[in-house]
Amino acid sequence: MAERKGRPFNLKSQPGFTQIAWACVVFLYAPILVLIAFSFNENRSVVRWTEFSFDWYVSAFQNDGIRNAAIVSLKVATSATLIATTFATMAALATTRTAPFRGQGLAFGIINQPLMVPEIVTAVVTLSFFALVKQVTGLTGIGYLILAHTVFCIPFAYMPIRARLEDMNLTLEQAAADLYATPFRVFRRVTLPLMAPGILAGAMLAFVVSLDDVIITLMISGPGETTLPIYIFGQIRRGITPEINAVSTVLLGVSVLLVSSFFLIGRKKA
Amino acid sequence: MSTPDTHAQADAALRAAIRQREREAFRNRWLLLAPGVGLIACVGLLPLALTMIYSFLEPGTYGGVTWTFSTGAYEQFLFERDLFDETLLTFNPSYVIIFARSIFLALVATVGTLLVGYPTAYFIATRPRESRNLWLFLITLPFWTNLLIRTYAMLLIIRDEGLINAVLMGVGVVEQPVGILYTDFAVFLGLIYSFLPFMVLPVYASLEKLDFRLVEAAYDLYATRWRVLRRVIIPATRPGIVAGCILVFIPGLGAYITPELLGGGKKLMIGNMIALQFGTARNWPFGSAAALILMAMVVLMLVFLMRRGGRQVGHG
Amino acid sequence: MGSDDGFIEIVDVTKAFGPADRRVFALGGVTATIRRGEFFTLLGPSGCGKTTLLRLIAGFELPTSGEIRLDGQEIGHLPPFRRPVNTVFQNYALFPHMTVAENIGFGLEMLDKPRAEIASTVARMLALVKMSDLAGRRTDQLSGGQQQRVALARALAPQPKVLLLDEPLSALDLKLRKEMQVELKRIQHETGITFIFVTHDQEEALTMSDRIAVMEKGHILQIGSPTEIYNAPAARFVADFIGDINFIEGEVVSCGDGRAEVRLPSGPLLSAHAGQPVSGRVTLAIRPEKIGLRAAGDGTAQLSGRITNLVYFGSGTNVHVDAGIGADIVARTTTPGVAIGDRVGLDLPFADLSVLAE
């Protein structure tokens, strides 16, 4: 009997899928890796590789435009993250582990609204609204930008916090109440410490999303409110410089760092 | 021990306690929801209503609006006013073409991401548990990095002086650089690049739930690989496919950065057209109307797909 | 007020869930009195309302109507943190972010006891449940049995008037469960605290309890000592739920003086004891081990029939006999000496044959 040689029949494999998956990863990462590589290129041209150097990072750091944009970005992202995470935490507490209540669907829909509307629509709609508010109240400032960022950060912060709360065992809080803890003490001693990883994860996502936003910021940011992505966007339209590669690499690095730690936090189980 | 008097007292205390618990639950819930829901309602929903009003006004000379009622913004989609005779309207297809091109590009990009994303998701779902998480991380990571920078990276590669052309010319396949940038193909490539993770993740989620004993049963009943895929695996993961298509098509339809950078601002999509009205074109009412039409298209599609999805669930 | 007889009084308590138009009653008017220091068990199948009743006593839910008194005080309307009652949860519900000692001290801390007192009580509790050497461990590093002990110590530490135990042993394997049953009885004896214990395991209820309340569909069917429940079940459900039992249908011929003569459809007349006057169609119940088995030869046995099956189960054999009354009658014996197909006679002693209220 001639037994057919080769690998045993694998129920789960499909021909070509493995190759496509690898191609997919190459497709996703190759452009980014090229960009990172050329940020360390000594040459002024962004085409030919000559020598390794940190020159473009140094020059980017010394560039006032980039420095100011970075400061604005940090200011906006930090403020938006703090407010959005606080509001999202409160909303998550109200919408999880409770019997269905009247208005729940509506509240849920409103919280997720920023995710459903195309970004460009949110951008122009917010622009019109803020223009009117500015006209009526005469108030100006970076507050508008922070407010707009807070709105689309809320659903991103809400998701991991809600997930964490839903995983959490309700009987833990009942046990605390049973052991004479008043509602406030139950929250401070049991609920809050247990949901802390979720809050941290939510804050990280909110920060990344705020830091990376282009379209909405582009539409509503006033003079002196240029964030890093907006600065990069403007530069790209004017022409490509290796300096932009350096700044982009730094921004990528921040996102990757935050998202990686988000995944690590997510792994640690309650 | 249990006199009618104490009985009545206990009953009253219980009733008061039940009422108080209900009141507190209600109050706490809405106090907690108020800031988040309130903020989004004010800065997210209210402006949408305002935009609806704006779309029925006339444009101001330096941007903004003048408060006179007009349906001009909507007429502008199809017609052009004659320069000399304001009442004469002639058909102008340019905006319809932009909408059509946007839908076409978004559709093609959706199909493209599905063709690449489904096998990838399948591959990930059939990995051992440890490497599965790593793969998922690899696919998710680009999603959380800056869309602008990723598009820029794509631009660097497909430029005439970019890596692809350098390789092609180096190998000797072509003599002159192939013009990829600033074409519809570049936009298509950029859309796939931007939204691929949106397809992989929901498809993976439904594949992960797939019971592979079904696949075993199908093989046992003489199905071939292709038939197992077509008759068992794909139908079972349809919700993931639908979710992935929604997640790619919607942002694809409203894309701004990709056509701006890779289409060179010449190959307009709806997103750029809308932005233009609030920028140099200074026609806020028309921009508002366009934004609302885009929004309506998205909502209609969502409702349609949810209804269909619901029916399928009903059948199953 | 509050005599030893009525330490906990549950008076006509109901609990409904759901919106007003689609109410579902989890408890439909439950009345019970629990004595000070007793081991009281709520026994019943899942969904019978036993856990709901426990949660009402703990205060996690409020009753829809009725009264719950503890030591003479009405507590039915109080929030859980104002009731001198502690709970051992089914899944233990240990705080994962605290050590064993912090878990046990939590209740005392919430009662704002001085540190020294907390420390000494925690040490005492750790000794009581034999966990002293694991005080600094995190709870996720403990085995199921150890978690169980910590949960018990945590609930006992504030010295509650009543300890509620919600199926605390159901997650343990059989051997450990037996061990913990003995352990729980010892601890209850040492502390003298009243235990209210919820279980669906009839054997567990019989071995541990001073008294048992058997529940079904939101009602208490019978309250009594394990022997009363086992030997004189008041309802068919109680008889069926606890242990093995034979049911025999018949018609009452005469009744009086706690004795009922019942005619079976197949002819024979049986005498059974009846707690109250009965008439018409009734069901008689008898445990397999109470039935006497004898060779068919003499015609003096009350019922006779052919053996259809023999089922050996270690400490004895169940003999299934077709006595012509519909279902087989099961008798239990340790010395069978019979074979399938043999004719045998069955004795059903008057004292062990009871008439059930439907």
# chains A, B, ... in the order shown; residues from 1 in each chain; ligands from 1
>>> residues_around(residues="range 322-333 of chain C", least_positions_apart="3", cutoff="9 Å", atoms="only C-alpha atoms", output="ChimeraX atom specification")
/C:244-249,264-266,287-293,303-308,316-319,336,345-346
>>> write_last_selection(atoms="N, CA, C and O atoms", output="compact mmCIF listing (two decimals), in the first residue's frame")
# COMPACT_ATOMS: atom_id res chain seq x y z
N ASP C 244 -35.18 8.26 48.45
CA ASP C 244 -35.99 7.47 47.52
C ASP C 244 -37.28 7.11 48.22
O ASP C 244 -37.30 6.90 49.43
N ILE C 245 -38.34 7.01 47.46
CA ILE C 245 -39.63 6.69 48.08
C ILE C 245 -40.56 6.04 47.07
O ILE C 245 -40.43 6.25 45.86
N ASN C 246 -41.44 5.18 47.56
CA ASN C 246 -42.48 4.57 46.70
C ASN C 246 -43.79 5.30 46.90
O ASN C 246 -44.16 5.64 48.04
N PHE C 247 -44.49 5.58 45.81
CA PHE C 247 -45.83 6.15 45.90
C PHE C 247 -46.84 5.09 45.47
O PHE C 247 -46.66 4.42 44.46
N ILE C 248 -47.89 4.98 46.26
CA ILE C 248 -48.94 4.01 45.94
C ILE C 248 -50.28 4.74 45.96
O ILE C 248 -50.65 5.35 46.97
N GLU C 249 -51.01 4.70 44.85
CA GLU C 249 -52.30 5.39 44.76
C GLU C 249 -53.41 4.46 45.28
O GLU C 249 -53.34 3.24 45.10
N LEU C 264 -56.39 -0.46 47.28
CA LEU C 264 -55.68 -0.24 46.02
C LEU C 264 -56.57 -0.67 44.86
O LEU C 264 -57.42 -1.55 45.03
N PRO C 265 -56.38 -0.10 43.68
CA PRO C 265 -57.19 -0.47 42.52
C PRO C 265 -57.11 -1.96 42.23
O PRO C 265 -58.06 -2.55 41.75
N SER C 266 -55.95 -2.58 42.57
CA SER C 266 -55.79 -4.00 42.27
C SER C 266 -56.41 -4.89 43.35
O SER C 266 -56.33 -6.11 43.26
N ARG C 287 -40.71 4.44 52.35
CA ARG C 287 -39.30 4.37 51.95
C ARG C 287 -38.93 2.93 51.61
O ARG C 287 -39.41 1.99 52.29
N PRO C 288 -38.05 2.74 50.63
CA PRO C 288 -37.67 1.36 50.24
C PRO C 288 -37.14 0.53 51.40
O PRO C 288 -37.44 -0.66 51.49
N GLU C 289 -36.37 1.16 52.30
CA GLU C 289 -35.74 0.36 53.36
C GLU C 289 -36.73 -0.06 54.46
O GLU C 289 -36.40 -0.84 55.34
N LYS C 290 -37.95 0.52 54.41
CA LYS C 290 -38.94 0.16 55.43
C LYS C 290 -39.79 -1.03 54.99
O LYS C 290 -40.61 -1.54 55.76
N ILE C 291 -39.65 -1.40 53.74
CA ILE C 291 -40.48 -2.49 53.22
C ILE C 291 -39.84 -3.83 53.57
O ILE C 291 -38.65 -4.03 53.35
N GLY C 292 -40.62 -4.73 54.14
CA GLY C 292 -40.12 -6.07 54.45
C GLY C 292 -40.28 -6.99 53.24
O GLY C 292 -41.29 -6.96 52.55
N LEU C 293 -39.25 -7.80 53.01
CA LEU C 293 -39.25 -8.68 51.85
C LEU C 293 -39.31 -10.11 52.37
O LEU C 293 -38.54 -10.49 53.25
N LEU C 303 -48.69 -7.35 50.01
CA LEU C 303 -48.63 -7.31 48.56
C LEU C 303 -47.68 -8.40 48.10
O LEU C 303 -46.76 -8.76 48.83
N SER C 304 -47.90 -8.88 46.92
CA SER C 304 -46.94 -9.82 46.38
C SER C 304 -46.77 -9.58 44.89
O SER C 304 -47.63 -8.99 44.24
N GLY C 305 -45.61 -10.03 44.37
CA GLY C 305 -45.37 -9.81 42.94
C GLY C 305 -44.08 -10.45 42.50
O GLY C 305 -43.42 -11.14 43.28
N ARG C 306 -43.72 -10.19 41.24
CA ARG C 306 -42.55 -10.83 40.64
C ARG C 306 -41.42 -9.81 40.56
O ARG C 306 -41.66 -8.62 40.28
N ILE C 307 -40.20 -10.25 40.83
CA ILE C 307 -39.04 -9.34 40.77
C ILE C 307 -38.69 -9.05 39.31
O ILE C 307 -38.54 -9.96 38.50
N THR C 308 -38.63 -7.76 38.99
CA THR C 308 -38.32 -7.38 37.60
C THR C 308 -36.87 -6.94 37.44
O THR C 308 -36.33 -6.97 36.35
N GLY C 316 -26.11 -2.10 49.65
CA GLY C 316 -27.35 -2.86 49.62
C GLY C 316 -27.80 -3.11 48.20
O GLY C 316 -27.10 -2.80 47.24
N THR C 317 -29.01 -3.67 48.09
CA THR C 317 -29.56 -3.95 46.77
C THR C 317 -31.00 -3.45 46.73
O THR C 317 -31.75 -3.65 47.68
N ASN C 318 -31.36 -2.79 45.62
CA ASN C 318 -32.75 -2.41 45.43
C ASN C 318 -33.46 -3.51 44.64
O ASN C 318 -33.01 -3.90 43.57
N VAL C 319 -34.54 -3.97 45.22
CA VAL C 319 -35.31 -5.03 44.57
C VAL C 319 -36.56 -4.41 43.97
O VAL C 319 -37.38 -3.85 44.69
N PRO C 336 -30.15 -10.10 49.75
CA PRO C 336 -31.17 -10.38 48.75
C PRO C 336 -31.53 -11.87 48.66
O PRO C 336 -32.63 -12.26 49.02
N GLY C 345 -43.12 -11.67 48.61
CA GLY C 345 -44.17 -10.93 49.32
C GLY C 345 -43.58 -9.66 49.91
O GLY C 345 -42.39 -9.59 50.24
N LEU C 346 -44.40 -8.60 50.03
CA LEU C 346 -43.94 -7.32 50.56
C LEU C 346 -44.75 -6.94 51.78
O LEU C 346 -45.98 -6.96 51.75
>>> interface_residues(of="chain A", to="chain B", cutoff="7 Å", atoms="only C-alpha atoms", output="JSON, numbers by chain")
{"A": [11, 12, 14, 17, 18, 20, 21, 28, 31, 32, 35, 47, 87, 88, 90, 91, 94, 107, 110, 111, 114, 117, 118, 120, 121, 125, 126, 129, 151, 212, 248, 252, 255, 256]}
>>> write_last_selection(atoms="C-alpha atoms", output="tab-separated table (two decimals), in the first residue's frame")
chain	number	residue	atom	x	y	z
A	11	LEU	CA	-8.89	20.58	8.96
A	12	LYS	CA	-8.44	24.23	9.71
A	14	GLN	CA	-7.24	26.91	3.71
A	17	PHE	CA	-4.58	32.12	3.55
A	18	THR	CA	-1.24	31.94	5.33
A	20	ILE	CA	-2.19	36.47	2.45
A	21	ALA	CA	-1.90	37.00	6.19
A	28	LEU	CA	0.70	47.29	6.99
A	31	PRO	CA	5.50	51.91	4.65
A	32	ILE	CA	5.84	52.76	8.33
A	35	LEU	CA	9.32	56.20	7.07
A	47	VAL	CA	14.94	59.12	-1.45
A	87	PHE	CA	-17.33	61.47	32.34
A	88	ALA	CA	-16.92	58.03	30.74
A	90	MET	CA	-19.42	57.98	35.54
A	91	ALA	CA	-21.46	56.91	32.52
A	94	ALA	CA	-24.57	54.21	35.48
A	107	ALA	CA	-28.15	57.23	26.70
A	110	ILE	CA	-25.79	59.37	22.60
A	111	ILE	CA	-22.53	58.20	24.17
A	114	PRO	CA	-19.36	60.40	17.95
A	117	VAL	CA	-21.01	60.08	12.48
A	118	PRO	CA	-18.35	60.39	9.76
A	120	ILE	CA	-15.70	65.08	8.37
A	121	VAL	CA	-19.36	65.67	9.27
A	125	VAL	CA	-20.86	70.59	12.13
A	126	THR	CA	-18.75	71.47	15.16
A	129	PHE	CA	-21.68	75.47	15.99
A	151	VAL	CA	-16.64	64.69	22.92
A	212	ASP	CA	-3.85	61.58	16.56
A	248	SER	CA	6.13	61.40	12.70
A	252	LEU	CA	4.15	56.90	16.19
A	255	SER	CA	1.03	55.82	20.24
A	256	VAL	CA	2.72	52.43	20.06
>>> interface_residues(of="chain B", to="chain C", cutoff="10 Å", atoms="only C-alpha atoms", output="NGL selection string")
:B and (1-2 or 6-7 or 9-18 or 21)
>>> write_last_selection(atoms="C-alpha atoms", output="short mmCIF file (atom, residue, chain, number, x, y, z; two decimals), in the first residue's frame")
data_model
loop_
_atom_site.label_atom_id
_atom_site.label_comp_id
_atom_site.auth_asym_id
_atom_site.auth_seq_id
_atom_site.Cartn_x
_atom_site.Cartn_y
_atom_site.Cartn_z
CA MET B 1 -45.93 39.94 69.11
CA SER B 2 -47.35 40.85 65.74
CA THR B 6 -46.57 46.96 64.55
CA HIS B 7 -47.68 45.32 61.34
CA GLN B 9 -45.56 50.28 61.05
CA ALA B 10 -43.41 47.62 59.43
CA ASP B 11 -45.41 47.92 56.23
CA ALA B 12 -44.97 51.69 56.12
CA ALA B 13 -41.23 51.42 56.78
CA LEU B 14 -40.85 48.85 54.02
CA ARG B 15 -42.78 50.93 51.54
CA ALA B 16 -40.69 54.00 52.37
CA ALA B 17 -37.48 52.00 51.99
CA ILE B 18 -38.52 50.61 48.60
CA ARG B 21 -34.08 52.83 47.00
#
>>> closest_atom_pairs(of="chain C", to="chain A", cutoff="12 Å", atoms="only C-alpha atoms", output="CSV")
residue,atom,partner,partner_atom,distance
C:Phe17,CA,A:Ala99,CA,10.9
C:Gly18,CA,A:Ala99,CA,9.6
C:Pro19,CA,A:Phe101,CA,10.7
C:Arg55,CA,A:Gln174,CA,10.1
C:Leu56,CA,A:Asp178,CA,11.9
C:Ile57,CA,A:Asp178,CA,10.8
C:Ala58,CA,A:Asp178,CA,7.1
C:Gly59,CA,A:Asp178,CA,8.0
C:Phe60,CA,A:Gln174,CA,7.0
C:Glu61,CA,A:Gln174,CA,10.5
C:Leu78,CA,A:Asp178,CA,11.5
C:Pro79,CA,A:Ala177,CA,8.3
C:Pro80,CA,A:Asp178,CA,5.2
C:Phe81,CA,A:Tyr180,CA,3.9
C:Arg82,CA,A:Tyr180,CA,6.5
C:Arg83,CA,A:Asp178,CA,7.9
C:Pro84,CA,A:Tyr180,CA,8.6
C:Val85,CA,A:Asp178,CA,7.4
C:Asn86,CA,A:Asp178,CA,5.9
C:Thr87,CA,A:Asp178,CA,6.8
C:Val88,CA,A:Ala175,CA,8.4
C:Phe89,CA,A:Ala175,CA,7.8
C:Gln90,CA,A:Thr171,CA,9.6
C:Asn91,CA,A:Thr171,CA,8.7
C:Tyr92,CA,A:Thr171,CA,8.8
C:Ala93,CA,A:Leu172,CA,5.2
C:Leu94,CA,A:Leu172,CA,6.9
C:Phe95,CA,A:Leu172,CA,6.5
C:Pro96,CA,A:Ala270,CA,7.1
C:His97,CA,A:Leu194,CA,7.3
C:Met98,CA,A:Val190,CA,9.6
C:Glu102,CA,A:Arg189,CA,11.5
C:Asn103,CA,A:Ala176,CA,9.8
C:Ile104,CA,A:Leu179,CA,9.9
C:Gly105,CA,A:Leu179,CA,9.7
C:Phe106,CA,A:Leu179,CA,7.0
C:Gly107,CA,A:Leu179,CA,4.4
C:Leu108,CA,A:Leu179,CA,7.9
C:Glu109,CA,A:Ala181,CA,8.8
C:Met110,CA,A:Ala181,CA,5.4
C:Leu111,CA,A:Tyr180,CA,6.4
C:Asp112,CA,A:Tyr180,CA,9.8
C:Lys113,CA,A:Tyr180,CA,11.8
C:Thr139,CA,A:Ala270,CA,11.4
C:Asp140,CA,A:Ala270,CA,9.4
C:Ala151,CA,A:Ala175,CA,9.9
C:Ala153,CA,A:Leu179,CA,12.0
C:Arg154,CA,A:Leu179,CA,8.5
C:Ala155,CA,A:Leu179,CA,7.4
C:Leu156,CA,A:Leu179,CA,10.0
C:Ala157,CA,A:Leu179,CA,9.5
C:Pro158,CA,A:Leu179,CA,7.9
C:Gln159,CA,A:Leu179,CA,10.7
C:Pro160,CA,A:Leu179,CA,9.7
C:Val162,CA,A:Asp178,CA,11.9
C:Leu163,CA,A:Asp178,CA,10.9
C:Leu164,CA,A:Asp178,CA,10.5
C:Asp166,CA,A:Thr171,CA,12.0
>>> write_last_selection(atoms="C-alpha atoms", output="PDB file, in the first residue's frame")
ATOM      1  CA  PHE C  17     -39.683  40.784  40.153  1.00  0.00           C
ATOM      2  CA  GLY C  18     -40.292  42.521  36.877  1.00  0.00           C
ATOM      3  CA  PRO C  19     -42.497  45.412  35.767  1.00  0.00           C
ATOM      4  CA  ARG C  55     -31.072  37.806  50.028  1.00  0.00           C
ATOM      5  CA  LEU C  56     -34.116  39.405  51.643  1.00  0.00           C
ATOM      6  CA  ILE C  57     -32.762  38.548  55.079  1.00  0.00           C
ATOM      7  CA  ALA C  58     -29.332  39.916  54.088  1.00  0.00           C
ATOM      8  CA  GLY C  59     -30.922  43.081  52.661  1.00  0.00           C
ATOM      9  CA  PHE C  60     -29.634  42.865  49.075  1.00  0.00           C
ATOM     10  CA  GLU C  61     -33.251  43.037  47.993  1.00  0.00           C
ATOM     11  CA  LEU C  78     -32.934  48.251  56.301  1.00  0.00           C
ATOM     12  CA  PRO C  79     -30.009  48.393  53.857  1.00  0.00           C
ATOM     13  CA  PRO C  80     -27.523  45.497  54.189  1.00  0.00           C
ATOM     14  CA  PHE C  81     -24.886  47.589  55.995  1.00  0.00           C
ATOM     15  CA  ARG C  82     -27.303  48.276  58.865  1.00  0.00           C
ATOM     16  CA  ARG C  83     -28.165  44.641  59.548  1.00  0.00           C
ATOM     17  CA  PRO C  84     -26.219  42.550  62.072  1.00  0.00           C
ATOM     18  CA  VAL C  85     -26.277  39.720  59.543  1.00  0.00           C
ATOM     19  CA  ASN C  86     -23.354  38.460  57.431  1.00  0.00           C
ATOM     20  CA  THR C  87     -23.253  36.284  54.353  1.00  0.00           C
ATOM     21  CA  VAL C  88     -21.004  33.567  52.962  1.00  0.00           C
ATOM     22  CA  PHE C  89     -21.488  33.805  49.212  1.00  0.00           C
ATOM     23  CA  GLN C  90     -21.768  30.919  46.821  1.00  0.00           C
ATOM     24  CA  ASN C  91     -18.665  31.979  44.880  1.00  0.00           C
ATOM     25  CA  TYR C  92     -17.083  33.351  48.106  1.00  0.00           C
ATOM     26  CA  ALA C  93     -16.828  36.931  46.696  1.00  0.00           C
ATOM     27  CA  LEU C  94     -13.430  37.504  48.300  1.00  0.00           C
ATOM     28  CA  PHE C  95     -11.918  40.900  47.496  1.00  0.00           C
ATOM     29  CA  PRO C  96      -9.174  40.108  44.980  1.00  0.00           C
ATOM     30  CA  HIS C  97      -7.205  43.264  45.769  1.00  0.00           C
ATOM     31  CA  MET C  98      -6.819  42.454  49.479  1.00  0.00           C
ATOM     32  CA  GLU C 102      -7.493  42.321  55.037  1.00  0.00           C
ATOM     33  CA  ASN C 103     -10.505  40.431  53.790  1.00  0.00           C
ATOM     34  CA  ILE C 104     -11.293  39.063  57.232  1.00  0.00           C
ATOM     35  CA  GLY C 105     -10.762  42.441  58.891  1.00  0.00           C
ATOM     36  CA  PHE C 106     -12.878  44.350  56.356  1.00  0.00           C
ATOM     37  CA  GLY C 107     -16.152  44.167  58.279  1.00  0.00           C
ATOM     38  CA  LEU C 108     -14.569  45.287  61.544  1.00  0.00           C
ATOM     39  CA  GLU C 109     -12.812  48.100  59.731  1.00  0.00           C
ATOM     40  CA  MET C 110     -16.125  49.285  58.321  1.00  0.00           C
ATOM     41  CA  LEU C 111     -17.547  49.211  61.847  1.00  0.00           C
ATOM     42  CA  ASP C 112     -14.664  51.546  62.787  1.00  0.00           C
ATOM     43  CA  LYS C 113     -13.240  49.205  65.405  1.00  0.00           C
ATOM     44  CA  THR C 139      -6.917  35.487  47.757  1.00  0.00           C
ATOM     45  CA  ASP C 140      -6.324  34.418  44.144  1.00  0.00           C
ATOM     46  CA  ALA C 151     -15.122  33.628  53.304  1.00  0.00           C
ATOM     47  CA  ALA C 153     -13.936  33.779  58.693  1.00  0.00           C
ATOM     48  CA  ARG C 154     -14.709  37.114  57.011  1.00  0.00           C
ATOM     49  CA  ALA C 155     -18.426  36.714  57.629  1.00  0.00           C
ATOM     50  CA  LEU C 156     -17.926  35.574  61.237  1.00  0.00           C
ATOM     51  CA  ALA C 157     -15.405  38.241  62.231  1.00  0.00           C
ATOM     52  CA  PRO C 158     -17.927  41.030  62.956  1.00  0.00           C
ATOM     53  CA  GLN C 159     -19.805  38.546  65.174  1.00  0.00           C
ATOM     54  CA  PRO C 160     -23.138  38.756  63.403  1.00  0.00           C
ATOM     55  CA  VAL C 162     -27.080  35.477  62.090  1.00  0.00           C
ATOM     56  CA  LEU C 163     -24.792  33.917  59.508  1.00  0.00           C
ATOM     57  CA  LEU C 164     -26.296  33.341  56.062  1.00  0.00           C
ATOM     58  CA  ASP C 166     -25.709  30.599  50.205  1.00  0.00           C
TER      59      ASP C 166
END
>>> select_by_dssp(residues="range 193-302 of chain C", states="strand (DSSP E or B)", output="PyMOL selection string")
chain C and resi 194-199+211-216+219-224+235+246-256+259-263+269-273+281-286+292-295
>>> residues_around(residues="range 28-37 of chain C", least_positions_apart="2", cutoff="9 Å", atoms="only C-alpha atoms", output="PyMOL selection string")
chain C and resi 3-16+25-26+39-40+53+65-66+71+161-162+188-189+192-196+211+213+217-220+223
>>> write_last_selection(atoms="C-alpha atoms", output="PDB file, in the first residue's frame")
ATOM      1  CA  SER C   3     -37.687  34.959  72.800  1.00  0.00           C
ATOM      2  CA  ASP C   4     -35.440  32.052  71.942  1.00  0.00           C
ATOM      3  CA  ASP C   5     -38.346  30.575  70.094  1.00  0.00           C
ATOM      4  CA  GLY C   6     -38.729  33.454  67.685  1.00  0.00           C
ATOM      5  CA  PHE C   7     -35.216  34.773  67.071  1.00  0.00           C
ATOM      6  CA  ILE C   8     -35.885  35.414  63.407  1.00  0.00           C
ATOM      7  CA  GLU C   9     -39.484  35.801  62.356  1.00  0.00           C
ATOM      8  CA  ILE C  10     -40.422  35.864  58.717  1.00  0.00           C
ATOM      9  CA  VAL C  11     -44.064  36.821  58.376  1.00  0.00           C
ATOM     10  CA  ASP C  12     -45.944  36.475  55.096  1.00  0.00           C
ATOM     11  CA  VAL C  13     -43.047  37.697  52.977  1.00  0.00           C
ATOM     12  CA  THR C  14     -43.528  38.046  49.235  1.00  0.00           C
ATOM     13  CA  LYS C  15     -41.064  39.101  46.573  1.00  0.00           C
ATOM     14  CA  ALA C  16     -42.028  39.955  43.008  1.00  0.00           C
ATOM     15  CA  PHE C  25     -43.394  36.089  42.219  1.00  0.00           C
ATOM     16  CA  ALA C  26     -40.162  34.526  43.437  1.00  0.00           C
ATOM     17  CA  PHE C  39     -28.682  25.425  62.197  1.00  0.00           C
ATOM     18  CA  PHE C  40     -31.594  26.148  59.905  1.00  0.00           C
ATOM     19  CA  LEU C  53     -35.355  34.543  50.822  1.00  0.00           C
ATOM     20  CA  SER C  65     -44.526  42.871  51.280  1.00  0.00           C
ATOM     21  CA  GLY C  66     -44.270  41.183  54.655  1.00  0.00           C
ATOM     22  CA  ASP C  71     -34.456  39.531  67.795  1.00  0.00           C
ATOM     23  CA  LYS C 161     -26.343  37.664  65.077  1.00  0.00           C
ATOM     24  CA  VAL C 162     -27.080  35.477  62.090  1.00  0.00           C
ATOM     25  CA  GLN C 188     -21.362  26.704  64.451  1.00  0.00           C
ATOM     26  CA  HIS C 189     -21.137  24.804  67.723  1.00  0.00           C
ATOM     27  CA  GLY C 192     -23.099  29.569  68.924  1.00  0.00           C
ATOM     28  CA  ILE C 193     -24.223  31.801  66.050  1.00  0.00           C
ATOM     29  CA  THR C 194     -27.509  31.108  64.282  1.00  0.00           C
ATOM     30  CA  PHE C 195     -26.857  29.684  60.801  1.00  0.00           C
ATOM     31  CA  ILE C 196     -29.264  29.924  57.899  1.00  0.00           C
ATOM     32  CA  ARG C 211     -34.326  22.017  61.245  1.00  0.00           C
ATOM     33  CA  ALA C 213     -37.584  24.169  55.537  1.00  0.00           C
ATOM     34  CA  LYS C 217     -42.101  27.444  43.733  1.00  0.00           C
ATOM     35  CA  GLY C 218     -41.789  30.272  46.244  1.00  0.00           C
ATOM     36  CA  HIS C 219     -43.516  28.517  49.133  1.00  0.00           C
ATOM     37  CA  ILE C 220     -42.392  26.601  52.197  1.00  0.00           C
ATOM     38  CA  ILE C 223     -40.579  22.836  58.322  1.00  0.00           C
TER      39      ILE C 223
END
>>> atom_distance(atom1="CA of Leu70 in chain C", atom2="CA of Thr52 in chain C")
17.5 Å
